[in-house]
Amino acid sequence: IKNFKPNIIYLTYPTQIYSIPDDYAGKIVYDCMDDHLAINNKSRESIFKAEKILVQRANIVITSSKSLKNKLENRYNISRISIVRNGFNGPILEIKQQQLKRNKHLTLAYIGTISHWFDTEVIKKSLKEIPELNYLLIGPFDAGERISDPRVNYMGTVNHNQLFNKIKNVDALIMPFQVNQIIESVDPVKLYEYINFNKDILSVEYDEIERFNSFVYFYKTYENYIAQLRELMQAKSVKYTDADRKEFLEKNSWLERVREVNSLLEK
């Protein structure tokens with residue numbers, strides 16, 4: 001930093017502030033994409049101390065969600081935070097919405113890490129209640145309980161460019177998370193990517209993602225999950241149109257997010 005003398009330093013984690021020389025005269029941006037105190041509970045005190053220094057020293061503070069913005073404002077008594085949400089990366093797929101078959105076999109797919117926030121109980125209960133239901137789980141298994149049932153297929157990690165081929169014949173995509181302090185602050189990139197696949201989506205509901213309502217069947221309880229699943233099964237078309245999908249992804253691309261950040265820097 002002393003040799004390069006940058007005009008702006010862009011930080012994404014609280015303790016990075018300790019790497020900035022005291023005599024640095026340029027601008028500092030803090031882009032907070034997670035509730036670091038909630039994720040790192042064992043190091044909570046040291047992260048709190050570092051983040052407090054960082055938000056006070058930063059010229060611009062950005063969060064990826066409204067929930068995170070509120071938390072930082074209340075936590076450090078500041079009111080100059082901007083929201084720049086997560087976005088969609090990559091090509092918008094040129095795929096038509098498949099004809100909804102809704103036959104006796106229904107397959108729901110999940111893409112992503114399977115960890116302690118994954119709601120295994122919802123999956124297990126639904127398998128007992130709906131005999132024709134199957135699950136395809138794609139991604140690394142990090143923690144929690146593996147479901148021992150022939151109708152649950154743990155596929156493991158798949159290359160990103162092969163994902164669509166793996167899920168092209170499933171009936172819907174799911175995001176069955178347990179809502180906790182960490183999840184409620186997340187603007188999930190997963191939903192942006194799910195929309196690109198042009199399929200119905202069933203997800204747990206929390207305040208931060210209510211803006212996806214036009215694209216997603218939401219649930220809050222297990223009973224809601226089953227009710228929304230049955231509604232999805234009876235629908236004659238995907239909840240959103242192909243035109244709506246393309247418009248949403250174009251407006252929420254990472255390129256658009258870069259423009260938002262540039263606008264903040266120019267101010």
# chains A, B, ... in the order shown; residues from 1 in each chain; ligands from 1

$ select_by_dssp --residues "region 4-228 of chain A" --states "strand (DSSP E)" --output "count of residues only"
46

$ residues_around --residues "region 92-95 of chain A" --least-positions-apart "3" --cutoff "9 Å" --atoms "only C-alpha atoms" --output "MDAnalysis selection string"
chainID A and resid 89 98 196:198 242 246 249:250

$ write_last_selection --atoms "C-alpha atoms" --output "mmCIF file, in the first residue's frame"
data_model
loop_
_atom_site.group_PDB
_atom_site.id
_atom_site.type_symbol
_atom_site.label_atom_id
_atom_site.label_comp_id
_atom_site.auth_asym_id
_atom_site.auth_seq_id
_atom_site.Cartn_x
_atom_site.Cartn_y
_atom_site.Cartn_z
ATOM 1 C CA ASN A 89 -23.338 -13.629 -13.111
ATOM 2 C CA GLN A 98 -40.548 -26.961 -20.270
ATOM 3 C CA ASN A 196 -32.011 -18.319 -14.843
ATOM 4 C CA PHE A 197 -32.931 -22.015 -15.055
ATOM 5 C CA ASN A 198 -36.530 -21.061 -15.945
ATOM 6 C CA ASP A 242 -39.580 -15.995 -19.899
ATOM 7 C CA LYS A 246 -34.710 -12.080 -18.770
ATOM 8 C CA LEU A 249 -31.597 -10.976 -14.683
ATOM 9 C CA GLU A 250 -30.513 -8.066 -16.877
#

$ closest_residue --among "A:Val29, A:Ala50, A:Ile147, A:Ile123" --to "Ser82 (chain A)" --atoms "only C-alpha atoms"
A:Val29

$ residues_around --residues "Gln56 (chain A)" --least-positions-apart "4" --cutoff "12 Å" --atoms "only C-alpha atoms" --output "list in words"
Pro14, Ile17, Ile28, Val29, Tyr30, Lys49, Ala50, Glu51, Lys52, Ile60, Val61, Leu72, Glu73, Arg75, Tyr76, Asn77, Ile78, Ser79, Arg80 and Ile81 of chain A

$ write_last_selection --atoms "N, CA and C atoms" --output "mmCIF file, in the first residue's frame"
data_model
loop_
_atom_site.group_PDB
_atom_site.id
_atom_site.type_symbol
_atom_site.label_atom_id
_atom_site.label_comp_id
_atom_site.auth_asym_id
_atom_site.auth_seq_id
_atom_site.Cartn_x
_atom_site.Cartn_y
_atom_site.Cartn_z
ATOM 1 N N PRO A 14 -13.813 -7.386 8.354
ATOM 2 C CA PRO A 14 -13.442 -6.406 9.386
ATOM 3 C C PRO A 14 -11.958 -6.317 9.709
ATOM 4 N N ILE A 17 -8.835 -4.149 8.210
ATOM 5 C CA ILE A 17 -8.507 -2.765 8.555
ATOM 6 C C ILE A 17 -7.127 -2.675 9.217
ATOM 7 N N ILE A 28 -11.436 4.587 1.836
ATOM 8 C CA ILE A 28 -11.657 3.196 2.223
ATOM 9 C C ILE A 28 -13.127 2.854 2.033
ATOM 10 N N VAL A 29 -13.361 1.735 1.366
ATOM 11 C CA VAL A 29 -14.714 1.215 1.187
ATOM 12 C C VAL A 29 -14.827 -0.090 1.973
ATOM 13 N N TYR A 30 -15.891 -0.231 2.753
ATOM 14 C CA TYR A 30 -16.175 -1.499 3.439
ATOM 15 C C TYR A 30 -17.430 -2.101 2.840
ATOM 16 N N LYS A 49 -14.668 -5.436 17.528
ATOM 17 C CA LYS A 49 -13.706 -4.347 17.709
ATOM 18 C C LYS A 49 -13.171 -3.876 16.357
ATOM 19 N N ALA A 50 -12.797 -4.835 15.500
ATOM 20 C CA ALA A 50 -12.249 -4.489 14.186
ATOM 21 C C ALA A 50 -13.298 -3.823 13.308
ATOM 22 N N GLU A 51 -14.531 -4.360 13.330
ATOM 23 C CA GLU A 51 -15.574 -3.805 12.474
ATOM 24 C C GLU A 51 -15.965 -2.397 12.913
ATOM 25 N N LYS A 52 -15.934 -2.154 14.213
ATOM 26 C CA LYS A 52 -16.247 -0.814 14.723
ATOM 27 C C LYS A 52 -15.218 0.200 14.217
ATOM 28 N N ILE A 60 -17.030 4.911 2.651
ATOM 29 C CA ILE A 60 -18.267 4.317 2.149
ATOM 30 C C ILE A 60 -18.462 2.963 2.819
ATOM 31 N N VAL A 61 -19.656 2.719 3.334
ATOM 32 C CA VAL A 61 -20.015 1.407 3.879
ATOM 33 C C VAL A 61 -21.165 0.866 3.044
ATOM 34 N N LEU A 72 -25.833 -3.085 11.166
ATOM 35 C CA LEU A 72 -24.646 -2.255 11.316
ATOM 36 C C LEU A 72 -24.992 -0.872 11.863
ATOM 37 N N GLU A 73 -26.106 -0.317 11.392
ATOM 38 C CA GLU A 73 -26.524 1.004 11.893
ATOM 39 C C GLU A 73 -26.789 0.966 13.392
ATOM 40 N N ARG A 75 -25.737 -1.415 15.519
ATOM 41 C CA ARG A 75 -24.569 -1.937 16.240
ATOM 42 C C ARG A 75 -23.522 -0.859 16.486
ATOM 43 N N TYR A 76 -23.332 0.018 15.497
ATOM 44 C CA TYR A 76 -22.248 1.001 15.583
ATOM 45 C C TYR A 76 -22.740 2.446 15.555
ATOM 46 N N ASN A 77 -24.061 2.609 15.609
ATOM 47 C CA ASN A 77 -24.654 3.945 15.668
ATOM 48 C C ASN A 77 -24.201 4.823 14.495
ATOM 49 N N ILE A 78 -24.324 4.296 13.289
ATOM 50 C CA ILE A 78 -24.001 5.057 12.085
ATOM 51 C C ILE A 78 -25.213 5.069 11.166
ATOM 52 N N SER A 79 -25.250 6.014 10.232
ATOM 53 C CA SER A 79 -26.428 6.129 9.367
ATOM 54 C C SER A 79 -26.060 6.476 7.930
ATOM 55 N N ARG A 80 -24.899 6.047 7.489
ATOM 56 C CA ARG A 80 -24.447 6.391 6.134
ATOM 57 C C ARG A 80 -24.146 5.127 5.319
ATOM 58 N N ILE A 81 -25.021 4.153 5.437
ATOM 59 C CA ILE A 81 -24.804 2.869 4.768
ATOM 60 C C ILE A 81 -25.650 2.783 3.507
#

$ residues_around --residues "Leu133 (chain A)" --least-positions-apart "4" --cutoff "9 Å" --atoms "only C-alpha atoms" --output "MDAnalysis selection string"
chainID A and resid 104:108 126:129 151

$ write_last_selection --atoms "C-alpha atoms" --output "short mmCIF file (atom, residue, chain, number, x, y, z; two decimals), in the first residue's frame"
data_model
loop_
_atom_site.label_atom_id
_atom_site.label_comp_id
_atom_site.auth_asym_id
_atom_site.auth_seq_id
_atom_site.Cartn_x
_atom_site.Cartn_y
_atom_site.Cartn_z
CA LYS A 104 -46.97 -39.30 -10.52
CA HIS A 105 -43.23 -38.71 -10.01
CA LEU A 106 -42.26 -35.24 -8.82
CA THR A 107 -38.58 -34.30 -8.46
CA LEU A 108 -37.35 -31.25 -6.55
CA SER A 126 -42.56 -34.35 2.96
CA LEU A 127 -41.22 -37.73 1.79
CA LYS A 128 -43.58 -39.46 4.21
CA GLU A 129 -46.54 -37.29 3.22
CA ARG A 151 -35.87 -41.09 -3.06
#

$ atom_distance --atom1 "CA of Glu266 (chain A)" --atom2 "CA of Val84 (chain A)"
15.0 Å

$ residues_around --residues "region 178-194 of chain A" --least-positions-apart "5" --cutoff "7 Å" --atoms "only C-alpha atoms" --output "short mmCIF file (atom, residue, chain, number, x, y, z; two decimals) with C-alpha atoms, in the first residue's frame"
data_model
loop_
_atom_site.label_atom_id
_atom_site.label_comp_id
_atom_site.auth_asym_id
_atom_site.auth_seq_id
_atom_site.Cartn_x
_atom_site.Cartn_y
_atom_site.Cartn_z
CA ASP A 34 -22.37 -11.24 5.73
CA ASP A 35 -23.08 -10.79 9.42
CA ALA A 38 -23.02 -14.14 13.81
CA ILE A 39 -20.90 -16.43 11.62
CA SER A 64 -25.74 -6.59 0.47
CA SER A 65 -29.06 -6.60 2.33
CA SER A 67 -31.14 -6.57 7.29
CA LEU A 68 -27.35 -6.13 7.35
CA ARG A 85 -27.33 -6.28 -3.41
CA ASN A 86 -25.88 -9.46 -4.79
CA GLY A 87 -26.50 -10.22 -8.43
CA PHE A 88 -26.51 -12.64 -11.31
CA TRP A 117 -28.77 -24.39 7.86
CA PHE A 118 -30.33 -26.96 5.50
CA ASP A 119 -33.77 -27.95 6.81
CA LEU A 173 -35.90 -25.95 -7.49
CA TYR A 206 -37.89 -14.20 5.20
CA GLU A 208 -34.95 -9.95 2.79
CA ILE A 209 -36.21 -12.02 -0.15
#

$ closest_residue --among "A:Tyr110, A:Asp142, A:Leu264, A:Glu247" --to "Ile201 (chain A)" --atoms "only C-alpha atoms"
A:Tyr110

$ residues_around --residues "region 6-12 of chain A" --least-positions-apart "6" --cutoff "9 Å" --atoms "only C-alpha atoms" --output "PDB file with C-alpha atoms, in the first residue's frame"
ATOM      1  CA  ILE A  20      -4.020  -0.373   6.402  1.00  0.00           C
ATOM      2  CA  ALA A  25      -4.704   9.190   3.081  1.00  0.00           C
ATOM      3  CA  GLY A  26      -6.877   7.577   0.396  1.00  0.00           C
ATOM      4  CA  LYS A  27     -10.480   6.411   0.541  1.00  0.00           C
ATOM      5  CA  ILE A  28     -11.657   3.196   2.223  1.00  0.00           C
ATOM      6  CA  VAL A  29     -14.714   1.215   1.187  1.00  0.00           C
ATOM      7  CA  TYR A  30     -16.175  -1.499   3.439  1.00  0.00           C
ATOM      8  CA  ASP A  31     -18.392  -3.935   1.562  1.00  0.00           C
ATOM      9  CA  CYS A  32     -20.172  -6.103   4.144  1.00  0.00           C
ATOM     10  CA  MET A  33     -21.779  -9.162   2.574  1.00  0.00           C
ATOM     11  CA  LEU A 265     -17.366   6.150  -5.567  1.00  0.00           C
TER      12      LEU A 265
END

$ residues_around --residues "Tyr225 (chain A)" --least-positions-apart "6" --cutoff "10 Å" --atoms "only C-alpha atoms" --output "VMD selection string"
chain A and resid 122 to 123 126 176 202 to 204 217 to 219 231

$ write_last_selection --atoms "N, CA and C atoms" --output "mmCIF file, in the first residue's frame"
data_model
loop_
_atom_site.group_PDB
_atom_site.id
_atom_site.type_symbol
_atom_site.label_atom_id
_atom_site.label_comp_id
_atom_site.auth_asym_id
_atom_site.auth_seq_id
_atom_site.Cartn_x
_atom_site.Cartn_y
_atom_site.Cartn_z
ATOM 1 N N VAL A 122 -37.888 -30.799 7.029
ATOM 2 C CA VAL A 122 -38.904 -30.524 6.010
ATOM 3 C C VAL A 122 -38.850 -31.580 4.904
ATOM 4 N N ILE A 123 -37.644 -31.935 4.507
ATOM 5 C CA ILE A 123 -37.472 -32.935 3.450
ATOM 6 C C ILE A 123 -37.992 -34.295 3.919
ATOM 7 N N SER A 126 -41.863 -34.395 4.253
ATOM 8 C CA SER A 126 -42.556 -34.352 2.964
ATOM 9 C C SER A 126 -42.462 -35.685 2.224
ATOM 10 N N PRO A 176 -34.591 -24.865 0.947
ATOM 11 C CA PRO A 176 -35.167 -25.194 2.267
ATOM 12 C C PRO A 176 -34.212 -24.878 3.413
ATOM 13 N N LEU A 202 -39.363 -23.088 -5.008
ATOM 14 C CA LEU A 202 -40.012 -23.169 -3.704
ATOM 15 C C LEU A 202 -38.968 -22.851 -2.641
ATOM 16 N N SER A 203 -39.216 -21.804 -1.856
ATOM 17 C CA SER A 203 -38.206 -21.350 -0.898
ATOM 18 C C SER A 203 -38.827 -20.944 0.433
ATOM 19 N N VAL A 204 -38.040 -21.102 1.493
ATOM 20 C CA VAL A 204 -38.430 -20.550 2.777
ATOM 21 C C VAL A 204 -38.523 -19.034 2.631
ATOM 22 N N TYR A 217 -42.482 -19.517 -4.990
ATOM 23 C CA TYR A 217 -43.501 -19.980 -4.055
ATOM 24 C C TYR A 217 -42.848 -19.975 -2.667
ATOM 25 N N PHE A 218 -43.373 -19.158 -1.764
ATOM 26 C CA PHE A 218 -42.776 -19.023 -0.443
ATOM 27 C C PHE A 218 -43.535 -19.842 0.611
ATOM 28 N N TYR A 219 -42.793 -20.291 1.630
ATOM 29 C CA TYR A 219 -43.408 -20.954 2.773
ATOM 30 C C TYR A 219 -42.700 -20.508 4.045
ATOM 31 N N GLU A 231 -49.815 -26.552 -4.543
ATOM 32 C CA GLU A 231 -50.237 -25.503 -5.479
ATOM 33 C C GLU A 231 -49.334 -25.508 -6.709
#

$ select_by_dssp --residues "region 119-166 of chain A" --states "alpha helix (DSSP H)" --output "VMD selection string"
chain A and resid 120 to 129 163 to 166

$ write_last_selection --atoms "N, CA and C atoms" --output "PDB file, in the first residue's frame"
ATOM      1  N   THR A 120     -33.371 -30.309   7.029  1.00  0.00           N
ATOM      2  CA  THR A 120     -33.541 -31.737   6.737  1.00  0.00           C
ATOM      3  C   THR A 120     -34.926 -32.233   7.131  1.00  0.00           C
ATOM      4  N   GLU A 121     -35.488 -31.692   8.210  1.00  0.00           N
ATOM      5  CA  GLU A 121     -36.775 -32.166   8.709  1.00  0.00           C
ATOM      6  C   GLU A 121     -37.905 -31.942   7.702  1.00  0.00           C
ATOM      7  N   VAL A 122     -37.888 -30.799   7.029  1.00  0.00           N
ATOM      8  CA  VAL A 122     -38.904 -30.524   6.010  1.00  0.00           C
ATOM      9  C   VAL A 122     -38.850 -31.580   4.904  1.00  0.00           C
ATOM     10  N   ILE A 123     -37.644 -31.935   4.507  1.00  0.00           N
ATOM     11  CA  ILE A 123     -37.472 -32.935   3.450  1.00  0.00           C
ATOM     12  C   ILE A 123     -37.992 -34.295   3.919  1.00  0.00           C
ATOM     13  N   LYS A 124     -37.585 -34.700   5.117  1.00  0.00           N
ATOM     14  CA  LYS A 124     -37.977 -36.016   5.632  1.00  0.00           C
ATOM     15  C   LYS A 124     -39.492 -36.137   5.797  1.00  0.00           C
ATOM     16  N   LYS A 125     -40.128 -35.094   6.352  1.00  0.00           N
ATOM     17  CA  LYS A 125     -41.574 -35.119   6.557  1.00  0.00           C
ATOM     18  C   LYS A 125     -42.326 -35.181   5.230  1.00  0.00           C
ATOM     19  N   SER A 126     -41.863 -34.395   4.253  1.00  0.00           N
ATOM     20  CA  SER A 126     -42.556 -34.352   2.964  1.00  0.00           C
ATOM     21  C   SER A 126     -42.462 -35.685   2.224  1.00  0.00           C
ATOM     22  N   LEU A 127     -41.365 -36.407   2.410  1.00  0.00           N
ATOM     23  CA  LEU A 127     -41.223 -37.726   1.786  1.00  0.00           C
ATOM     24  C   LEU A 127     -42.266 -38.700   2.317  1.00  0.00           C
ATOM     25  N   LYS A 128     -42.570 -38.595   3.608  1.00  0.00           N
ATOM     26  CA  LYS A 128     -43.584 -39.461   4.210  1.00  0.00           C
ATOM     27  C   LYS A 128     -44.989 -39.084   3.753  1.00  0.00           C
ATOM     28  N   GLU A 129     -45.199 -37.777   3.543  1.00  0.00           N
ATOM     29  CA  GLU A 129     -46.541 -37.293   3.217  1.00  0.00           C
ATOM     30  C   GLU A 129     -46.884 -37.434   1.736  1.00  0.00           C
ATOM     31  N   LEU A 163     -24.483 -27.725 -14.541  1.00  0.00           N
ATOM     32  CA  LEU A 163     -25.632 -27.731 -13.635  1.00  0.00           C
ATOM     33  C   LEU A 163     -26.959 -27.878 -14.371  1.00  0.00           C
ATOM     34  N   PHE A 164     -27.148 -27.105 -15.436  1.00  0.00           N
ATOM     35  CA  PHE A 164     -28.442 -27.154 -16.101  1.00  0.00           C
ATOM     36  C   PHE A 164     -28.743 -28.538 -16.648  1.00  0.00           C
ATOM     37  N   ASN A 165     -27.743 -29.205 -17.188  1.00  0.00           N
ATOM     38  CA  ASN A 165     -27.968 -30.564 -17.700  1.00  0.00           C
ATOM     39  C   ASN A 165     -28.400 -31.514 -16.597  1.00  0.00           C
ATOM     40  N   LYS A 166     -27.931 -31.275 -15.378  1.00  0.00           N
ATOM     41  CA  LYS A 166     -28.289 -32.136 -14.262  1.00  0.00           C
ATOM     42  C   LYS A 166     -29.715 -31.896 -13.772  1.00  0.00           C
TER      43      LYS A 166
END

$ atom_distance --atom1 "CA of Lys66 (chain A)" --atom2 "CA of Thr221 (chain A)"
23.2 Å
